[in-house]
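Coordinates from query_15.pdb are shown below (PDB, C-alpha atoms, pLDDT in the B column).
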```pdb
ATOM      1  CA  MET A 168      59.375  25.791 163.022  1.00 97.00           C
ATOM      2  CA  TRP A 169      59.262  28.697 160.606  1.00 98.00           C
ATOM      3  CA  GLY A 170      57.740  28.493 157.158  1.00 98.00           C
ATOM      4  CA  ILE A 171      59.268  30.900 154.633  1.00 98.00           C
ATOM      5  CA  VAL A 172      57.208  32.207 151.711  1.00 98.00           C
ATOM      6  CA  PRO A 173      59.365  34.096 149.149  1.00 97.00           C
ATOM      7  CA  ALA A 174      56.788  36.437 147.608  1.00 96.00           C
ATOM      8  CA  ALA A 175      58.826  39.378 146.331  1.00 91.00           C
ATOM      9  CA  GLY A 176      58.997  38.345 142.661  1.00 78.00           C
ATOM     10  CA  ARG A 177      57.509  40.507 139.927  1.00 65.00           C
ATOM     11  CA  GLY A 178      55.401  37.735 138.395  1.00 57.00           C
ATOM     12  CA  SER A 179      56.201  38.899 134.874  1.00 54.00           C
ATOM     13  CA  ARG A 180      55.138  35.570 133.307  1.00 62.00           C
ATOM     14  CA  ILE A 181      51.474  36.090 134.170  1.00 59.00           C
ATOM     15  CA  GLN A 182      51.083  39.861 134.012  1.00 61.00           C
ATOM     16  CA  PRO A 183      49.188  42.126 133.682  1.00 63.00           C
ATOM     17  CA  LEU A 184      47.475  41.753 137.049  1.00 69.00           C
ATOM     18  CA  ALA A 185      46.043  44.464 139.279  1.00 64.00           C
ATOM     19  CA  PHE A 186      47.417  42.734 142.391  1.00 85.00           C
ATOM     20  CA  SER A 187      50.305  40.568 143.550  1.00 91.00           C
ATOM     21  CA  LYS A 188      50.495  37.248 141.706  1.00 90.00           C
ATOM     22  CA  GLU A 189      50.440  35.411 145.044  1.00 93.00           C
ATOM     23  CA  LEU A 190      46.826  36.559 145.455  1.00 93.00           C
ATOM     24  CA  LEU A 191      45.686  35.160 142.105  1.00 92.00           C
ATOM     25  CA  PRO A 192      42.352  33.373 142.736  1.00 92.00           C
ATOM     26  CA  VAL A 193      42.746  29.666 142.003  1.00 93.00           C
ATOM     27  CA  GLY A 194      39.902  27.368 142.926  1.00 90.00           C
ATOM     28  CA  SER A 195      37.720  27.930 145.976  1.00 87.00           C
ATOM     29  CA  ARG A 196      37.505  26.985 149.608  1.00 81.00           C
ATOM     30  CA  ARG A 197      34.543  26.022 151.783  1.00 79.00           C
ATOM     31  CA  ASP A 198      34.514  28.374 154.788  1.00 78.00           C
ATOM     32  CA  ASN A 199      31.714  28.149 157.346  1.00 81.00           C
ATOM     33  CA  GLY A 200      29.403  26.666 154.748  1.00 82.00           C
ATOM     34  CA  THR A 201      30.231  29.259 152.089  1.00 85.00           C
ATOM     35  CA  ASP A 202      32.388  28.863 148.997  1.00 86.00           C
ATOM     36  CA  ARG A 203      34.877  31.665 148.468  1.00 86.00           C
ATOM     37  CA  PRO A 204      37.819  32.242 146.087  1.00 89.00           C
ATOM     38  CA  CYS A 205      41.177  30.973 147.282  1.00 93.00           C
ATOM     39  CA  ALA A 206      44.410  32.904 146.681  1.00 94.00           C
ATOM     40  CA  VAL A 207      47.119  30.671 145.246  1.00 95.00           C
ATOM     41  CA  ALA A 208      49.525  31.418 148.137  1.00 96.00           C
ATOM     42  CA  GLU A 209      47.004  29.948 150.585  1.00 96.00           C
ATOM     43  CA  TYR A 210      47.732  26.474 149.247  1.00 96.00           C
ATOM     44  CA  LEU A 211      51.395  26.786 150.214  1.00 98.00           C
ATOM     45  CA  VAL A 212      50.688  28.339 153.616  1.00 97.00           C
ATOM     46  CA  GLU A 213      48.259  25.532 154.412  1.00 96.00           C
ATOM     47  CA  ARG A 214      50.852  22.922 153.435  1.00 98.00           C
ATOM     48  CA  LEU A 215      53.563  24.590 155.543  1.00 98.00           C
ATOM     49  CA  ILE A 216      51.283  24.460 158.573  1.00 98.00           C
ATOM     50  CA  ILE A 217      50.388  20.813 157.958  1.00 97.00           C
ATOM     51  CA  GLY A 218      54.137  20.165 157.658  1.00 97.00           C
ATOM     52  CA  GLY A 219      54.770  21.539 161.133  1.00 97.00           C
ATOM     53  CA  ALA A 220      55.291  25.294 160.749  1.00 98.00           C
ATOM     54  CA  ASP A 221      53.703  27.364 163.520  1.00 97.00           C
ATOM     55  CA  LYS A 222      55.146  30.667 162.292  1.00 98.00           C
ATOM     56  CA  ILE A 223      55.167  31.928 158.684  1.00 98.00           C
ATOM     57  CA  CYS A 224      57.442  34.639 157.268  1.00 98.00           C
ATOM     58  CA  PHE A 225      56.346  36.279 154.027  1.00 98.00           C
ATOM     59  CA  VAL A 226      59.245  37.930 152.188  1.00 98.00           C
ATOM     60  CA  ILE A 227      57.666  40.683 150.100  1.00 97.00           C
ATOM     61  CA  SER A 228      58.788  43.577 147.915  1.00 95.00           C
ATOM     62  CA  PRO A 229      57.981  47.182 148.924  1.00 95.00           C
ATOM     63  CA  GLY A 230      55.045  47.273 146.492  1.00 91.00           C
ATOM     64  CA  LYS A 231      53.281  44.174 147.783  1.00 94.00           C
ATOM     65  CA  SER A 232      51.425  45.526 150.783  1.00 94.00           C
ATOM     66  CA  ASP A 233      48.280  43.844 149.437  1.00 96.00           C
ATOM     67  CA  ILE A 234      49.689  40.501 150.665  1.00 97.00           C
ATOM     68  CA  LEU A 235      49.927  41.883 154.196  1.00 96.00           C
ATOM     69  CA  GLU A 236      46.419  43.303 153.922  1.00 96.00           C
ATOM     70  CA  TYR A 237      45.049  39.980 152.698  1.00 96.00           C
ATOM     71  CA  PHE A 238      46.685  37.627 155.209  1.00 96.00           C
ATOM     72  CA  GLY A 239      47.021  39.889 158.262  1.00 96.00           C
ATOM     73  CA  ASP A 240      48.731  38.602 161.396  1.00 96.00           C
ATOM     74  CA  HIS A 241      47.697  34.945 161.357  1.00 95.00           C
ATOM     75  CA  TYR A 242      46.451  32.119 159.177  1.00 95.00           C
ATOM     76  CA  ARG A 243      44.699  29.270 160.938  1.00 90.00           C
ATOM     77  CA  THR A 244      47.099  28.163 163.706  1.00 92.00           C
ATOM     78  CA  ALA A 245      50.174  30.058 162.465  1.00 97.00           C
ATOM     79  CA  GLN A 246      51.324  33.545 163.359  1.00 97.00           C
ATOM     80  CA  LEU A 247      52.539  35.605 160.384  1.00 98.00           C
ATOM     81  CA  ALA A 248      55.460  37.996 159.985  1.00 98.00           C
ATOM     82  CA  TYR A 249      56.622  40.062 157.014  1.00 98.00           C
ATOM     83  CA  VAL A 250      60.134  40.960 155.849  1.00 98.00           C
ATOM     84  CA  VAL A 251      60.913  43.277 152.922  1.00 97.00           C
ATOM     85  CA  GLN A 252      63.246  42.334 150.075  1.00 96.00           C
ATOM     86  CA  PRO A 253      64.063  45.774 148.574  1.00 95.00           C
ATOM     87  CA  ASP A 254      65.250  44.426 145.210  1.00 92.00           C
ATOM     88  CA  ALA A 255      64.413  41.238 143.312  1.00 88.00           C
ATOM     89  CA  LEU A 256      67.777  39.538 143.777  1.00 93.00           C
ATOM     90  CA  GLY A 257      66.658  35.939 143.601  1.00 94.00           C
ATOM     91  CA  LEU A 258      65.494  33.116 145.827  1.00 97.00           C
ATOM     92  CA  CYS A 259      68.575  32.877 148.028  1.00 98.00           C
ATOM     93  CA  ASP A 260      68.386  36.563 148.945  1.00 97.00           C
ATOM     94  CA  ALA A 261      64.673  36.196 149.693  1.00 97.00           C
ATOM     95  CA  VAL A 262      65.066  33.094 151.878  1.00 98.00           C
ATOM     96  CA  PHE A 263      67.914  34.506 153.936  1.00 98.00           C
ATOM     97  CA  ARG A 264      66.090  37.812 154.474  1.00 97.00           C
ATOM     98  CA  ALA A 265      63.944  35.764 156.837  1.00 98.00           C
ATOM     99  CA  SER A 266      66.938  35.567 159.217  1.00 97.00           C
ATOM    100  CA  ALA A 267      65.608  38.871 160.589  1.00 97.00           C
ATOM    101  CA  VAL A 268      62.905  36.873 162.387  1.00 97.00           C
ATOM    102  CA  VAL A 269      64.092  33.239 162.348  1.00 97.00           C
ATOM    103  CA  GLY A 270      65.747  32.323 165.644  1.00 94.00           C
ATOM    104  CA  GLU A 271      69.098  30.583 166.034  1.00 93.00           C
ATOM    105  CA  ARG A 272      67.417  27.309 167.039  1.00 95.00           C
ATOM    106  CA  ASP A 273      64.554  27.336 164.541  1.00 97.00           C
ATOM    107  CA  ASP A 274      64.205  24.846 161.719  1.00 98.00           C
ATOM    108  CA  VAL A 275      62.727  26.294 158.527  1.00 98.00           C
ATOM    109  CA  VAL A 276      60.703  24.944 155.630  1.00 98.00           C
ATOM    110  CA  VAL A 277      60.467  26.797 152.309  1.00 98.00           C
ATOM    111  CA  GLY A 278      58.028  26.583 149.406  1.00 98.00           C
ATOM    112  CA  LEU A 279      57.050  28.686 146.405  1.00 97.00           C
ATOM    113  CA  PRO A 280      53.763  30.619 146.676  1.00 96.00           C
ATOM    114  CA  ASP A 281      52.789  30.363 143.008  1.00 94.00           C
ATOM    115  CA  THR A 282      52.695  26.553 143.010  1.00 96.00           C
ATOM    116  CA  ILE A 283      50.112  23.944 143.968  1.00 96.00           C
ATOM    117  CA  TRP A 284      51.144  20.403 144.799  1.00 96.00           C
ATOM    118  CA  PHE A 285      49.822  17.158 146.215  1.00 96.00           C
ATOM    119  CA  PRO A 286      49.652  15.387 148.530  1.00 97.00           C
ATOM    120  CA  LYS A 287      49.260  18.337 150.854  1.00 95.00           C
ATOM    121  CA  THR A 288      50.754  16.302 153.726  1.00 97.00           C
ATOM    122  CA  ALA A 289      53.992  15.576 151.835  1.00 98.00           C
ATOM    123  CA  LEU A 290      56.190  17.883 153.945  1.00 98.00           C
ATOM    124  CA  ARG A 291      55.676  15.533 156.876  1.00 98.00           C
ATOM    125  CA  GLU A 292      57.891  13.039 155.045  1.00 98.00           C
ATOM    126  CA  LEU A 293      60.994  15.248 155.230  1.00 98.00           C
ATOM    127  CA  PRO A 294      63.503  14.179 157.905  1.00 96.00           C
ATOM    128  CA  GLU A 295      65.044  16.444 160.532  1.00 93.00           C
ATOM    129  CA  ALA A 296      68.233  16.769 158.485  1.00 97.00           C
ATOM    130  CA  ASP A 297      70.363  19.847 157.845  1.00 98.00           C
ATOM    131  CA  LEU A 298      68.943  19.999 154.307  1.00 98.00           C
ATOM    132  CA  SER A 299      66.181  17.932 152.731  1.00 98.00           C
ATOM    133  CA  PHE A 300      64.142  18.345 149.553  1.00 98.00           C
ATOM    134  CA  LEU A 301      60.562  17.345 148.801  1.00 98.00           C
ATOM    135  CA  LEU A 302      60.665  15.947 145.258  1.00 98.00           C
ATOM    136  CA  PHE A 303      58.015  15.750 142.530  1.00 98.00           C
ATOM    137  CA  PRO A 304      58.028  14.084 139.091  1.00 98.00           C
ATOM    138  CA  VAL A 305      57.403  16.468 136.167  1.00 97.00           C
ATOM    139  CA  GLU A 306      57.272  16.186 132.376  1.00 95.00           C
ATOM    140  CA  HIS A 307      59.633  19.114 131.750  1.00 96.00           C
ATOM    141  CA  PRO A 308      62.396  19.181 134.387  1.00 97.00           C
ATOM    142  CA  GLU A 309      64.350  21.658 132.272  1.00 97.00           C
ATOM    143  CA  PHE A 310      62.064  24.428 133.553  1.00 95.00           C
ATOM    144  CA  PHE A 311      62.853  23.656 137.192  1.00 97.00           C
ATOM    145  CA  ASP A 312      65.658  22.575 139.508  1.00 98.00           C
ATOM    146  CA  ALA A 313      66.140  18.852 138.897  1.00 98.00           C
ATOM    147  CA  VAL A 314      67.624  16.862 141.784  1.00 98.00           C
ATOM    148  CA  VAL A 315      70.083  14.046 141.058  1.00 98.00           C
ATOM    149  CA  LEU A 316      70.169  11.400 143.798  1.00 98.00           C
ATOM    150  CA  ALA A 317      72.285   8.441 144.843  1.00 98.00           C
ATOM    151  CA  GLY A 318      69.816   6.592 147.001  1.00 97.00           C
ATOM    152  CA  GLU A 319      68.356   9.472 149.018  1.00 97.00           C
ATOM    153  CA  GLN A 320      71.563  11.522 149.020  1.00 98.00           C
ATOM    154  CA  VAL A 321      71.577  14.608 146.791  1.00 98.00           C
ATOM    155  CA  GLN A 322      74.450  14.526 144.307  1.00 98.00           C
ATOM    156  CA  GLU A 323      73.670  17.603 142.220  1.00 98.00           C
ATOM    157  CA  ILE A 324      71.012  20.217 141.507  1.00 98.00           C
ATOM    158  CA  GLN A 325      70.605  20.746 137.768  1.00 98.00           C
ATOM    159  CA  VAL A 326      69.323  24.324 137.567  1.00 98.00           C
ATOM    160  CA  LYS A 327      67.003  24.779 134.587  1.00 96.00           C
ATOM    161  CA  ARG A 328      69.206  22.621 132.372  1.00 97.00           C
ATOM    162  CA  PRO A 329      67.862  21.588 128.947  1.00 97.00           C
ATOM    163  CA  ASP A 330      69.727  18.274 129.341  1.00 97.00           C
ATOM    164  CA  ALA A 331      68.384  17.431 132.805  1.00 97.00           C
ATOM    165  CA  THR A 332      69.092  13.771 133.592  1.00 97.00           C
ATOM    166  CA  THR A 333      66.186  13.211 135.999  1.00 98.00           C
ATOM    167  CA  ASP A 334      62.470  14.001 135.995  1.00 98.00           C
ATOM    168  CA  TRP A 335      62.444  14.699 139.747  1.00 98.00           C
ATOM    169  CA  ILE A 336      62.505  18.335 140.852  1.00 98.00           C
ATOM    170  CA  TRP A 337      62.353  19.960 144.265  1.00 98.00           C
ATOM    171  CA  GLY A 338      59.093  21.660 145.153  1.00 98.00           C
ATOM    172  CA  ALA A 339      59.908  22.569 148.752  1.00 98.00           C
ATOM    173  CA  PHE A 340      62.788  22.077 151.148  1.00 98.00           C
ATOM    174  CA  ARG A 341      63.566  21.972 154.839  1.00 98.00           C
ATOM    175  CA  MET A 342      66.645  23.128 156.743  1.00 98.00           C
ATOM    176  CA  SER A 343      67.649  22.572 160.343  1.00 98.00           C
ATOM    177  CA  ALA A 344      68.786  25.607 162.309  1.00 98.00           C
ATOM    178  CA  THR A 345      72.363  24.524 161.593  1.00 98.00           C
ATOM    179  CA  GLY A 346      71.681  23.987 157.906  1.00 98.00           C
ATOM    180  CA  PHE A 347      70.018  27.389 157.560  1.00 98.00           C
ATOM    181  CA  HIS A 348      72.971  29.099 159.267  1.00 97.00           C
ATOM    182  CA  ASP A 349      75.617  27.204 157.260  1.00 98.00           C
ATOM    183  CA  LEU A 350      73.939  27.825 153.898  1.00 98.00           C
ATOM    184  CA  ARG A 351      73.418  31.496 154.712  1.00 98.00           C
ATOM    185  CA  GLN A 352      77.065  31.899 155.695  1.00 97.00           C
ATOM    186  CA  LEU A 353      78.237  30.166 152.518  1.00 98.00           C
ATOM    187  CA  TRP A 354      75.959  32.361 150.412  1.00 98.00           C
ATOM    188  CA  ARG A 355      77.325  35.503 152.061  1.00 97.00           C
ATOM    189  CA  LEU A 356      80.905  34.401 151.353  1.00 97.00           C
ATOM    190  CA  ARG A 357      80.344  33.666 147.674  1.00 96.00           C
ATOM    191  CA  ASN A 358      80.967  36.466 145.177  1.00 92.00           C
ATOM    192  CA  PRO A 359      78.887  36.998 143.176  1.00 90.00           C
ATOM    193  CA  ARG A 360      76.205  35.679 145.483  1.00 94.00           C
ATOM    194  CA  ASP A 361      73.956  32.956 144.119  1.00 97.00           C
ATOM    195  CA  GLU A 362      70.577  33.900 142.684  1.00 95.00           C
ATOM    196  CA  TYR A 363      69.312  30.311 142.462  1.00 97.00           C
ATOM    197  CA  PHE A 364      69.160  28.052 145.493  1.00 98.00           C
ATOM    198  CA  GLY A 365      70.358  25.138 143.376  1.00 98.00           C
ATOM    199  CA  THR A 366      73.752  26.686 142.600  1.00 98.00           C
ATOM    200  CA  LEU A 367      74.255  27.440 146.291  1.00 98.00           C
ATOM    201  CA  VAL A 368      73.402  23.847 147.189  1.00 98.00           C
ATOM    202  CA  ASN A 369      75.932  22.568 144.656  1.00 98.00           C
ATOM    203  CA  ALA A 370      78.618  24.684 146.348  1.00 98.00           C
ATOM    204  CA  TYR A 371      77.418  23.430 149.745  1.00 98.00           C
ATOM    205  CA  LEU A 372      77.731  19.809 148.597  1.00 98.00           C
ATOM    206  CA  ALA A 373      81.190  20.460 147.131  1.00 98.00           C
ATOM    207  CA  ALA A 374      82.259  21.871 150.514  1.00 97.00           C
ATOM    208  CA  GLY A 375      81.226  18.681 152.302  1.00 97.00           C
ATOM    209  CA  GLY A 376      77.588  19.426 153.100  1.00 98.00           C
ATOM    210  CA  ARG A 377      74.907  16.794 152.674  1.00 98.00           C
ATOM    211  CA  GLY A 378      71.360  16.914 151.380  1.00 98.00           C
ATOM    212  CA  VAL A 379      68.548  14.384 151.298  1.00 98.00           C
ATOM    213  CA  GLY A 380      65.886  14.037 148.603  1.00 98.00           C
ATOM    214  CA  VAL A 381      62.511  12.450 149.415  1.00 98.00           C
ATOM    215  CA  LYS A 382      60.258  11.356 146.538  1.00 98.00           C
ATOM    216  CA  ALA A 383      57.007  11.964 148.416  1.00 98.00           C
ATOM    217  CA  GLY A 384      55.313  14.274 145.908  1.00 97.00           C
ATOM    218  CA  ASP A 385      52.762  13.189 143.309  1.00 96.00           C
ATOM    219  CA  THR A 386      51.607  16.321 141.451  1.00 96.00           C
ATOM    220  CA  TYR A 387      53.273  19.716 141.019  1.00 96.00           C
ATOM    221  CA  VAL A 388      51.875  22.690 139.097  1.00 95.00           C
ATOM    222  CA  ASP A 389      53.553  26.062 138.559  1.00 94.00           C
ATOM    223  CA  VAL A 390      50.690  28.570 138.490  1.00 92.00           C
ATOM    224  CA  GLY A 391      52.989  31.407 137.408  1.00 83.00           C
ATOM    225  CA  THR A 392      52.158  30.934 133.724  1.00 85.00           C
ATOM    226  CA  VAL A 393      48.840  31.028 131.881  1.00 85.00           C
ATOM    227  CA  ASN A 394      49.141  27.340 130.947  1.00 88.00           C
ATOM    228  CA  GLY A 395      50.031  26.470 134.530  1.00 87.00           C
ATOM    229  CA  TYR A 396      47.034  28.427 135.774  1.00 86.00           C
ATOM    230  CA  ARG A 397      44.740  26.473 133.467  1.00 90.00           C
ATOM    231  CA  THR A 398      46.288  23.193 134.616  1.00 90.00           C
ATOM    232  CA  ALA A 399      45.811  24.128 138.252  1.00 90.00           C
ATOM    233  CA  MET A 400      42.166  25.026 137.725  1.00 90.00           C
ATOM    234  CA  ALA A 401      41.566  21.683 136.014  1.00 89.00           C
ATOM    235  CA  LEU A 402      43.396  19.825 138.790  1.00 87.00           C
ATOM    236  CA  LEU A 403      41.365  21.499 141.523  1.00 88.00           C
ATOM    237  CA  SER A 404      38.156  20.753 139.657  1.00 82.00           C
ATOM    238  CA  ASP A 405      39.055  17.065 139.545  1.00 69.00           C
ATOM    239  CA  GLY A 406      37.362  15.096 142.293  1.00 49.00           C
ATOM    240  CA  ALA A 407      40.542  13.064 142.704  1.00 41.00           C
ATOM    241  CA  ALA A 408      42.360  16.038 144.226  1.00 44.00           C
ATOM    242  CA  ASP A 409      42.846  15.897 148.007  1.00 44.00           C
ATOM    243  CA  VAL A 410      41.069  18.943 149.415  1.00 42.00           C
ATOM    244  CA  THR A 411      40.459  17.889 153.019  1.00 43.00           C
ATOM    245  CA  ASP A 412      41.702  20.090 155.850  1.00 46.00           C
ATOM    246  CA  HIS A 413      43.565  17.394 157.827  1.00 45.00           C
ATOM    247  CA  GLY A 414      42.379  18.627 161.196  1.00 47.00           C
ATOM    248  CA  LEU A 415      43.134  22.309 160.687  1.00 49.00           C
ATOM    249  CA  PRO A 416      40.687  24.719 162.354  1.00 48.00           C
ATOM    250  CA  PRO A 417      38.224  26.748 160.257  1.00 44.00           C
ATOM    251  CA  LEU A 418      39.693  29.586 158.233  1.00 45.00           C
ATOM    252  CA  HIS A 419      38.872  33.177 159.207  1.00 38.00           C
ATOM    253  CA  LEU A 420      40.627  35.911 157.212  1.00 38.00           C
TER     254      LEU A 420
END
```

Please go through the file and, once you have read it, give me the structure as structure tokens.
Amino acid sequence: MWGIVPAAGRGSRIQPLAFSKELLPVGSRRDNGTDRPCAVAEYLVERLIIGGADKICFVISPGKSDILEYFGDHYRTAQLAYVVQPDALGLCDAVFRASAVVGERDDVVVGLPDTIWFPKTALRELPEADLSFLLFPVEHPEFFDAVVLAGEQVQEIQVKRPDATTDWIWGAFRMSATGFHDLRQLWRLRNPRDEYFGTLVNAYLAAGGRGVGVKAGDTYVDVGTVNGYRTAMALLSDGAADVTDHGLPPLHL
């Protein structure tokens, strides 16, 4: 299974930085008996691997070679690949750029590299469906994509709506090979093409597609703002946070 990391955004909410926002040091990691800073994107990559991904595709902009230099060709048990998104045209464009390396029979799982969430094993709860979302409760759903459910079936994605009717948002999602192909084809047919994944999903549902939402998430922090960064640092300093490695081999970057 491929993990997709859309990392081509400008990160304007937390600038100025002298490096890509995905490399922002957040917390630390114990490596061979030594504490070292941990780049925020490492939290997502680790969770993708725990969730079953054995290959990771970073989608980066032309100016983000520092991500390639930092991560190299592998991270723990996963091999890494890099695809360039020439212009910042939104999440859908970034995700489907990964079709350059994702095979026709590969499932994919997608997360956002400037977020930290718990439990880190939550992706294991997603079923092998064409489209499934890992959901988290938040205090301000209007800043995210809120997911309206009937049971576990997705009824609507409310994209950054001030009047969001649910506190549950998606923090990551999984697609089967068929789901990835069908959503990509629908996106290519729509004019103008969707910038937000939520609007594409709404069109997919209207066309007869189905999505599942799983409320397996506990805590979700967007580190892309100064307040979010402070919250993440406090969360990672809290002894209640789950920071075990769940059987992953030692990290060597």

**Request:** Identify the residues around (54.4, 36.2, 160.9) within a radius of 12 Å, measuring from all atoms listed in the file in the coordinates stated by the file, and give them as a PyMOL selection string.
**Result:** chain A and resi 168-172+212+220-226+235+238-250+265+267-269

Considering only C-alpha atoms, give me a table of residues in stretch 376-404 of chain A that are at most 6 Å from stretch 319-324 of chain A, with the closest atom pair and distance in Å for each, as JSON lines.
```
{"residue": "A:Gly378", "atom": "CA", "partner": "A:Val321", "partner_atom": "CA", "distance": 5.1}
{"residue": "A:Val379", "atom": "CA", "partner": "A:Gln320", "partner_atom": "CA", "distance": 4.7}
{"residue": "A:Gly380", "atom": "CA", "partner": "A:Glu319", "partner_atom": "CA", "distance": 5.2}
```

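With all atoms listed in the file as the atoms that count, the minimum distance from A:Thr288 to the choices A:His307, A:Arg264, A:Arg214, A:Arg328 is reached by A:Arg214.
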
Residue IDs satisfying the PyMOL selection byres ((chain A and resi 174) around 8), as a PDB file with C-alpha atoms, in the frame of the given file:
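Written output follows (out.pdb):
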```pdb
ATOM      1  CA  VAL A 172      57.208  32.207 151.711  1.00 98.00           C
ATOM      2  CA  PRO A 173      59.365  34.096 149.149  1.00 97.00           C
ATOM      3  CA  ALA A 175      58.826  39.378 146.331  1.00 91.00           C
ATOM      4  CA  GLY A 176      58.997  38.345 142.661  1.00 78.00           C
ATOM      5  CA  GLU A 189      50.440  35.411 145.044  1.00 93.00           C
ATOM      6  CA  PHE A 225      56.346  36.279 154.027  1.00 98.00           C
ATOM      7  CA  VAL A 226      59.245  37.930 152.188  1.00 98.00           C
ATOM      8  CA  ILE A 227      57.666  40.683 150.100  1.00 97.00           C
ATOM      9  CA  SER A 228      58.788  43.577 147.915  1.00 95.00           C
ATOM     10  CA  LEU A 279      57.050  28.686 146.405  1.00 97.00           C
ATOM     11  CA  PRO A 280      53.763  30.619 146.676  1.00 96.00           C
TER      12      PRO A 280
END
```

**Request:** Pull out every residue that the PyMOL selection byres ((chain A and resi 205-209) around 6) matches in the shown coordinates and put them as an MDAnalysis selection string.
**Result:** chainID A and resid 189:196 204 210:213 280

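Going from atom CA of A:Ser343 to atom CA of A:Asp361 covers 20.3 Å.
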
**Item:** the PyMOL selection byres ((chain A and resi 260) around 10) resolved against shown file, as a list in words
**Value:** Pro173, Val226, Gln252, Asp254, Ala255, Leu256, Gly257, Leu258, Cys259, Ala261, Val262, Phe263, Arg264, Ala265, Arg351, Trp354, Arg355, Arg360, Asp361, Glu362, Tyr363 and Phe364 of chain A

**Prompt:** How many Å lie between atom CA of A:Lys327 and atom CA of A:Phe303, rounded to one decimal?
**Reply:**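 Interatomic distance, atom CA of A:Lys327 to atom CA of A:Phe303: 15.0 Å.
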
Cut-off 8 Å around (62.0, 24.4, 137.3) with all atoms listed in the file: residues as a JSON list (two decimals) with C-alpha atoms, in the coordinates of the input:
```json
[["chain", "number", "residue", "atom", "x", "y", "z"],
["A", 308, "PRO", "CA", 62.40, 19.18, 134.39],
["A", 309, "GLU", "CA", 64.35, 21.66, 132.27],
["A", 310, "PHE", "CA", 62.06, 24.43, 133.55],
["A", 311, "PHE", "CA", 62.85, 23.66, 137.19],
["A", 312, "ASP", "CA", 65.66, 22.58, 139.51],
["A", 313, "ALA", "CA", 66.14, 18.85, 138.90],
["A", 326, "VAL", "CA", 69.32, 24.32, 137.57],
["A", 327, "LYS", "CA", 67.00, 24.78, 134.59],
["A", 336, "ILE", "CA", 62.50, 18.34, 140.85]]
```

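In this comparison, which uses all atoms listed in the file, the residue of A:Asp233, A:Glu271, A:Thr282, A:Gly318 approaching A:Tyr396 most closely is A:Thr282.
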
**Prompt:** What is the atom CA of A:Asp385 to atom CA of A:Pro329 distance in Å?
**Reply:**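 Taking atom CA of A:Asp385 as the start and atom CA of A:Pro329 as the end point, the length is 22.5 Å.
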
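Restricting the calculation to all atoms listed in the file, the smallest distance between A:Pro294 and any of A:Val314, A:Leu403, A:Val388, A:Met342 is found for A:Met342.
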
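Distances from A:Arg272, A:Arg203, A:Ile216, A:Phe285 to A:Ala399 were compared using only C-alpha atoms, and the smallest one belongs to A:Phe285.
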
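Closest to A:Val275 among A:Leu316, A:Leu293, A:Ala344, A:Leu301 is A:Ala344, based on only C-alpha atoms.
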